[in-house]
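Below is one structure, written out as structure tokens, with a few remarks after it.
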Amino acid sequence: MSWDYSGNEQWTWDQIPLGAMTLEGGTATGHKTGDWRVQRPIWHTDKCKQCLICWMHCPDSSIKVSEQKMCGVDYEHCKGCGVCVQVCPFNALSMMSEKDARELDEKEAN
Ligand code: SF4
Ligand code: SF4
């Protein structure tokens, strides 16, 4: 679908075409929404006390939990907001630039 935006500087609010609308819940499960992240949280398992405070605060439900324990970060949906890093009382999470993290991933894969 394409829209004609010509002359939009003069549009009034009621001339703006309707954009994408989310009509139901749970749609993020079908879409990877973390690909525009610029920083990612890194989990330091040696410092983690499994308090799950990060899980309670993550606005994107991106802290993965299995059998009542944190088991990682869902990078397909994490948006890199850093809330989990801020709330972790044990410094078991830290932020890393996405660029550096991807370079590290590539090095480890080779
Ligand atoms: S808040 Fe920190 S210590 Fe608690 S589960 Fe999350 S990473 Fe682990
Ligand atoms: S950085 Fe934000 S979105 Fe990603 S896991 Fe932490 S709290 Fe959730």
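Every chain in the structure tokens takes a letter, A first, then B, and so on in the order presented; its residues are numbered from 1, and the ligands are numbered from 1 following the presented order.
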
request  = Tell me, as a list in words, which residues lie within 9 Å of region 94-104 of chain A, counting only C-alpha atoms; anything in the same chain fewer than 4 positions away does not count.
outcome  =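 Answer for this query is Arg37, Val38, Gln39, Arg40, Pro41, Ile42, Trp43, His44, Gly80, Gly82, Cys84, Val85, Gln86, Glu108 and Ala109 of chain A.
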
May I have the residues from that selection written out with N, CA and C atoms, as a PDB file, in the first residue's frame?
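Listed below is the output, result35.pdb:
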```pdb
ATOM      1  N   ARG A  37      17.258  -1.769  18.508  1.00  0.00           N
ATOM      2  CA  ARG A  37      17.948  -1.483  19.790  1.00  0.00           C
ATOM      3  C   ARG A  37      19.366  -0.953  19.509  1.00  0.00           C
ATOM      4  N   VAL A  38      19.814   0.050  20.265  1.00  0.00           N
ATOM      5  CA  VAL A  38      21.182   0.556  20.109  1.00  0.00           C
ATOM      6  C   VAL A  38      22.094   0.097  21.244  1.00  0.00           C
ATOM      7  N   GLN A  39      21.490  -0.372  22.327  1.00  0.00           N
ATOM      8  CA  GLN A  39      22.262  -0.947  23.425  1.00  0.00           C
ATOM      9  C   GLN A  39      21.557  -2.199  23.892  1.00  0.00           C
ATOM     10  N   ARG A  40      22.305  -3.137  24.438  1.00  0.00           N
ATOM     11  CA  ARG A  40      21.652  -4.358  24.944  1.00  0.00           C
ATOM     12  C   ARG A  40      22.141  -4.662  26.354  1.00  0.00           C
ATOM     13  N   PRO A  41      21.264  -5.239  27.161  1.00  0.00           N
ATOM     14  CA  PRO A  41      21.684  -5.646  28.501  1.00  0.00           C
ATOM     15  C   PRO A  41      22.464  -6.960  28.440  1.00  0.00           C
ATOM     16  N   ILE A  42      23.550  -6.999  29.166  1.00  0.00           N
ATOM     17  CA  ILE A  42      24.348  -8.219  29.259  1.00  0.00           C
ATOM     18  C   ILE A  42      24.158  -8.783  30.666  1.00  0.00           C
ATOM     19  N   TRP A  43      23.813 -10.048  30.723  1.00  0.00           N
ATOM     20  CA  TRP A  43      23.531 -10.710  32.007  1.00  0.00           C
ATOM     21  C   TRP A  43      24.801 -11.376  32.532  1.00  0.00           C
ATOM     22  N   HIS A  44      25.178 -11.048  33.756  1.00  0.00           N
ATOM     23  CA  HIS A  44      26.371 -11.636  34.373  1.00  0.00           C
ATOM     24  C   HIS A  44      25.898 -12.711  35.361  1.00  0.00           C
ATOM     25  N   GLY A  80      16.287  -2.483  24.712  1.00  0.00           N
ATOM     26  CA  GLY A  80      17.489  -1.821  25.215  1.00  0.00           C
ATOM     27  C   GLY A  80      17.223  -0.586  26.046  1.00  0.00           C
ATOM     28  N   GLY A  82      17.212  -0.348  29.251  1.00  0.00           N
ATOM     29  CA  GLY A  82      18.119  -0.284  30.401  1.00  0.00           C
ATOM     30  C   GLY A  82      17.444  -0.320  31.762  1.00  0.00           C
ATOM     31  N   CYS A  84      16.123  -2.805  33.334  1.00  0.00           N
ATOM     32  CA  CYS A  84      16.576  -3.987  34.086  1.00  0.00           C
ATOM     33  C   CYS A  84      17.931  -3.730  34.744  1.00  0.00           C
ATOM     34  N   VAL A  85      18.805  -3.017  34.033  1.00  0.00           N
ATOM     35  CA  VAL A  85      20.131  -2.702  34.572  1.00  0.00           C
ATOM     36  C   VAL A  85      19.991  -1.772  35.783  1.00  0.00           C
ATOM     37  N   GLN A  86      19.095  -0.809  35.665  1.00  0.00           N
ATOM     38  CA  GLN A  86      18.891   0.155  36.746  1.00  0.00           C
ATOM     39  C   GLN A  86      18.321  -0.494  38.003  1.00  0.00           C
ATOM     40  N   GLU A 108      32.887 -14.707  18.500  1.00  0.00           N
ATOM     41  CA  GLU A 108      32.677 -15.975  19.213  1.00  0.00           C
ATOM     42  C   GLU A 108      32.180 -17.072  18.279  1.00  0.00           C
ATOM     43  N   ALA A 109      31.445 -16.663  17.241  1.00  0.00           N
ATOM     44  CA  ALA A 109      30.917 -17.654  16.297  1.00  0.00           C
ATOM     45  C   ALA A 109      32.009 -18.217  15.389  1.00  0.00           C
TER      46      ALA A 109
END
```

task = Mind the document's chain letters and residue numbers, and return as a ChimeraX atom specification the residues of chain A that DSSP labels alpha helix (DSSP H).
result = /A:53-57,83-87,98-109

inquiry  = Env of Ile16 (chain A): 9 Å cut, atoms = only C-alpha atoms, seq-sep filter 5 positions within chain, self excluded. Answer as a ChimeraX atom specification.
reply    = /A:5,8,11

Go ahead and save the picked residues with all heavy atoms, as a short mmCIF file (atom, residue, chain, number, x, y, z; two decimals), in the first residue's frame.
```
data_model
loop_
_atom_site.label_atom_id
_atom_site.label_comp_id
_atom_site.auth_asym_id
_atom_site.auth_seq_id
_atom_site.Cartn_x
_atom_site.Cartn_y
_atom_site.Cartn_z
N TYR A 5 1.67 11.65 -0.18
CA TYR A 5 1.89 12.65 0.86
C TYR A 5 2.13 14.05 0.30
O TYR A 5 2.45 14.96 1.05
CB TYR A 5 3.10 12.25 1.72
CG TYR A 5 2.83 11.09 2.64
CD1 TYR A 5 3.39 9.85 2.40
CD2 TYR A 5 2.01 11.26 3.75
CE1 TYR A 5 3.14 8.77 3.24
CE2 TYR A 5 1.76 10.19 4.59
CZ TYR A 5 2.33 8.95 4.33
OH TYR A 5 2.08 7.90 5.17
N ASN A 8 1.59 17.69 2.06
CA ASN A 8 1.19 17.40 3.45
C ASN A 8 1.51 18.54 4.43
O ASN A 8 0.97 18.58 5.51
CB ASN A 8 1.81 16.08 3.94
CG ASN A 8 3.31 16.11 3.96
OD1 ASN A 8 3.92 17.12 3.62
ND2 ASN A 8 3.92 15.03 4.36
N TRP A 11 -1.71 20.08 5.22
CA TRP A 11 -2.83 19.25 5.69
C TRP A 11 -3.32 19.71 7.06
O TRP A 11 -2.53 20.12 7.91
CB TRP A 11 -2.41 17.79 5.82
CG TRP A 11 -2.24 17.06 4.52
CD1 TRP A 11 -2.49 17.53 3.27
CD2 TRP A 11 -1.76 15.73 4.38
NE1 TRP A 11 -2.19 16.57 2.33
CE2 TRP A 11 -1.74 15.45 2.99
CE3 TRP A 11 -1.36 14.75 5.26
CZ2 TRP A 11 -1.34 14.24 2.48
CZ3 TRP A 11 -0.95 13.53 4.74
CH2 TRP A 11 -0.95 13.28 3.37
#
```

Set out as CSV a contact list for chain A and ligand 2 with a cut-off of 6 Å, giving each residue of chain A that qualifies its closest atom pair and distance in Å to one decimal, counting only C-alpha atoms and all ligand atoms, ordered by chain and rising residue number.
```
residue,atom,partner,partner_atom_place_in_ligand_line,distance
A:Pro41,CA,ligand 2,1 (S),5.4
A:Cys58,CA,ligand 2,7 (S),3.7
A:Pro59,CA,ligand 2,8 (Fe),5.7
A:Asp60,CA,ligand 2,3 (S),5.0
A:Ser62,CA,ligand 2,5 (S),4.7
A:Ile63,CA,ligand 2,5 (S),5.2
A:Val73,CA,ligand 2,5 (S),5.8
A:Cys78,CA,ligand 2,4 (Fe),3.7
A:Lys79,CA,ligand 2,3 (S),4.5
A:Gly80,CA,ligand 2,1 (S),3.6
A:Cys81,CA,ligand 2,2 (Fe),3.9
A:Gly82,CA,ligand 2,1 (S),4.0
A:Val83,CA,ligand 2,7 (S),4.2
A:Cys84,CA,ligand 2,7 (S),4.1
```

ask   = In Å to one decimal, how far is CA of Asp46 (chain A) from CA of Pro89 (chain A)?
value = 13.7 Å

Could you give me the residues within 9 Å of ligand 1, counting only C-alpha atoms and all ligand atoms, as an mmCIF file with C-alpha atoms, in the first residue's frame?
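Contents of result-v9.cif, as written:
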```
data_model
loop_
_atom_site.group_PDB
_atom_site.id
_atom_site.type_symbol
_atom_site.label_atom_id
_atom_site.label_comp_id
_atom_site.auth_asym_id
_atom_site.auth_seq_id
_atom_site.Cartn_x
_atom_site.Cartn_y
_atom_site.Cartn_z
ATOM 1 C CA TRP A 43 23.531 -10.710 32.007
ATOM 2 C CA HIS A 44 26.371 -11.636 34.373
ATOM 3 C CA THR A 45 25.321 -15.029 35.678
ATOM 4 C CA LYS A 47 26.481 -12.038 40.083
ATOM 5 C CA CYS A 48 22.803 -12.936 39.630
ATOM 6 C CA LYS A 49 20.914 -13.845 42.825
ATOM 7 C CA GLN A 50 17.691 -14.787 40.998
ATOM 8 C CA CYS A 51 15.619 -12.136 42.752
ATOM 9 C CA LEU A 52 13.642 -11.566 39.486
ATOM 10 C CA ILE A 53 13.340 -7.831 40.091
ATOM 11 C CA CYS A 54 14.453 -7.305 36.477
ATOM 12 C CA TRP A 55 11.651 -9.576 35.278
ATOM 13 C CA MET A 56 9.080 -7.589 37.271
ATOM 14 C CA HIS A 57 10.211 -4.264 35.796
ATOM 15 C CA ILE A 63 13.555 -11.226 30.759
ATOM 16 C CA LYS A 69 14.613 -18.583 37.523
ATOM 17 C CA MET A 70 15.962 -15.976 35.172
ATOM 18 C CA CYS A 71 17.577 -17.709 32.226
ATOM 19 C CA GLY A 72 18.484 -14.910 29.853
ATOM 20 C CA CYS A 84 16.576 -3.987 34.086
ATOM 21 C CA VAL A 85 20.131 -2.702 34.572
ATOM 22 C CA GLN A 86 18.891 0.155 36.746
ATOM 23 C CA VAL A 87 16.758 -2.028 39.011
ATOM 24 C CA CYS A 88 19.117 -4.977 39.475
ATOM 25 C CA PRO A 89 20.371 -4.671 43.063
ATOM 26 C CA PHE A 90 23.382 -6.920 42.437
ATOM 27 C CA ASN A 91 24.917 -5.355 39.299
ATOM 28 C CA ALA A 92 24.219 -8.565 37.467
ATOM 29 C CA LEU A 93 23.198 -6.689 34.319
#
```

query = Between CA of Ser61 (chain A) and CA of Gly26 (chain A), what is the spacing in Å?
reply =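 The value is 11.4 Å.
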
query = Of the residues A:Glu9, A:Gly19, A:Asp4, A:His77, which is the one nearest to Thr33 (chain A), using only C-alpha atoms?
reply = A:His77

Backbone-only DSSP, strand (DSSP E) members of chain A, as a PDB file with N, CA and C atoms, in the first residue's frame:
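That gives us states-v4.pdb:
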```pdb
ATOM      1  N   GLN A  39      21.490  -0.372  22.327  1.00  0.00           N
ATOM      2  CA  GLN A  39      22.262  -0.947  23.425  1.00  0.00           C
ATOM      3  C   GLN A  39      21.557  -2.199  23.892  1.00  0.00           C
ATOM      4  N   ARG A  40      22.305  -3.137  24.438  1.00  0.00           N
ATOM      5  CA  ARG A  40      21.652  -4.358  24.944  1.00  0.00           C
ATOM      6  C   ARG A  40      22.141  -4.662  26.354  1.00  0.00           C
ATOM      7  N   PRO A  41      21.264  -5.239  27.161  1.00  0.00           N
ATOM      8  CA  PRO A  41      21.684  -5.646  28.501  1.00  0.00           C
ATOM      9  C   PRO A  41      22.464  -6.960  28.440  1.00  0.00           C
ATOM     10  N   ILE A  42      23.550  -6.999  29.166  1.00  0.00           N
ATOM     11  CA  ILE A  42      24.348  -8.219  29.259  1.00  0.00           C
ATOM     12  C   ILE A  42      24.158  -8.783  30.666  1.00  0.00           C
ATOM     13  N   TRP A  43      23.813 -10.048  30.723  1.00  0.00           N
ATOM     14  CA  TRP A  43      23.531 -10.710  32.007  1.00  0.00           C
ATOM     15  C   TRP A  43      24.801 -11.376  32.532  1.00  0.00           C
ATOM     16  N   ILE A  63      12.708 -10.430  29.876  1.00  0.00           N
ATOM     17  CA  ILE A  63      13.555 -11.226  30.759  1.00  0.00           C
ATOM     18  C   ILE A  63      12.997 -12.642  30.733  1.00  0.00           C
ATOM     19  N   LYS A  64      13.822 -13.566  30.287  1.00  0.00           N
ATOM     20  CA  LYS A  64      13.338 -14.950  30.140  1.00  0.00           C
ATOM     21  C   LYS A  64      13.445 -15.689  31.474  1.00  0.00           C
ATOM     22  N   VAL A  65      12.399 -16.395  31.799  1.00  0.00           N
ATOM     23  CA  VAL A  65      12.350 -17.130  33.061  1.00  0.00           C
ATOM     24  C   VAL A  65      11.932 -18.566  32.780  1.00  0.00           C
ATOM     25  N   SER A  66      12.633 -19.472  33.431  1.00  0.00           N
ATOM     26  CA  SER A  66      12.265 -20.881  33.320  1.00  0.00           C
ATOM     27  C   SER A  66      12.359 -21.508  34.704  1.00  0.00           C
ATOM     28  N   LYS A  69      13.279 -19.179  37.500  1.00  0.00           N
ATOM     29  CA  LYS A  69      14.613 -18.583  37.523  1.00  0.00           C
ATOM     30  C   LYS A  69      14.870 -17.822  36.227  1.00  0.00           C
ATOM     31  N   MET A  70      15.565 -16.705  36.364  1.00  0.00           N
ATOM     32  CA  MET A  70      15.962 -15.976  35.172  1.00  0.00           C
ATOM     33  C   MET A  70      16.903 -16.854  34.366  1.00  0.00           C
ATOM     34  N   CYS A  71      16.700 -16.865  33.047  1.00  0.00           N
ATOM     35  CA  CYS A  71      17.577 -17.709  32.226  1.00  0.00           C
ATOM     36  C   CYS A  71      18.109 -16.970  31.010  1.00  0.00           C
ATOM     37  N   GLY A  72      17.918 -15.652  30.971  1.00  0.00           N
ATOM     38  CA  GLY A  72      18.484 -14.910  29.853  1.00  0.00           C
ATOM     39  C   GLY A  72      17.605 -13.740  29.448  1.00  0.00           C
ATOM     40  N   VAL A  73      17.969 -13.141  28.325  1.00  0.00           N
ATOM     41  CA  VAL A  73      17.233 -11.990  27.807  1.00  0.00           C
ATOM     42  C   VAL A  73      16.741 -12.333  26.400  1.00  0.00           C
ATOM     43  N   LEU A  93      23.498  -7.071  35.700  1.00  0.00           N
ATOM     44  CA  LEU A  93      23.198  -6.689  34.319  1.00  0.00           C
ATOM     45  C   LEU A  93      23.948  -5.396  34.009  1.00  0.00           C
ATOM     46  N   SER A  94      24.454  -5.296  32.802  1.00  0.00           N
ATOM     47  CA  SER A  94      25.075  -4.038  32.380  1.00  0.00           C
ATOM     48  C   SER A  94      24.752  -3.823  30.907  1.00  0.00           C
ATOM     49  N   MET A  95      24.857  -2.587  30.459  1.00  0.00           N
ATOM     50  CA  MET A  95      24.545  -2.280  29.066  1.00  0.00           C
ATOM     51  C   MET A  95      25.812  -2.302  28.227  1.00  0.00           C
ATOM     52  N   MET A  96      25.652  -2.758  26.999  1.00  0.00           N
ATOM     53  CA  MET A  96      26.755  -2.752  26.034  1.00  0.00           C
ATOM     54  C   MET A  96      26.189  -2.225  24.721  1.00  0.00           C
ATOM     55  N   SER A  97      26.992  -1.505  23.960  1.00  0.00           N
ATOM     56  CA  SER A  97      26.473  -1.004  22.677  1.00  0.00           C
ATOM     57  C   SER A  97      26.145  -2.209  21.784  1.00  0.00           C
TER      58      SER A  97
END
```

inquiry  = Using Å and a single decimal, report how far CA of Lys32 (chain A) sits from CA of Asp74 (chain A).
reply    =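 Separation between CA of Asp74 (chain A) and CA of Lys32 (chain A): 10.0 Å.
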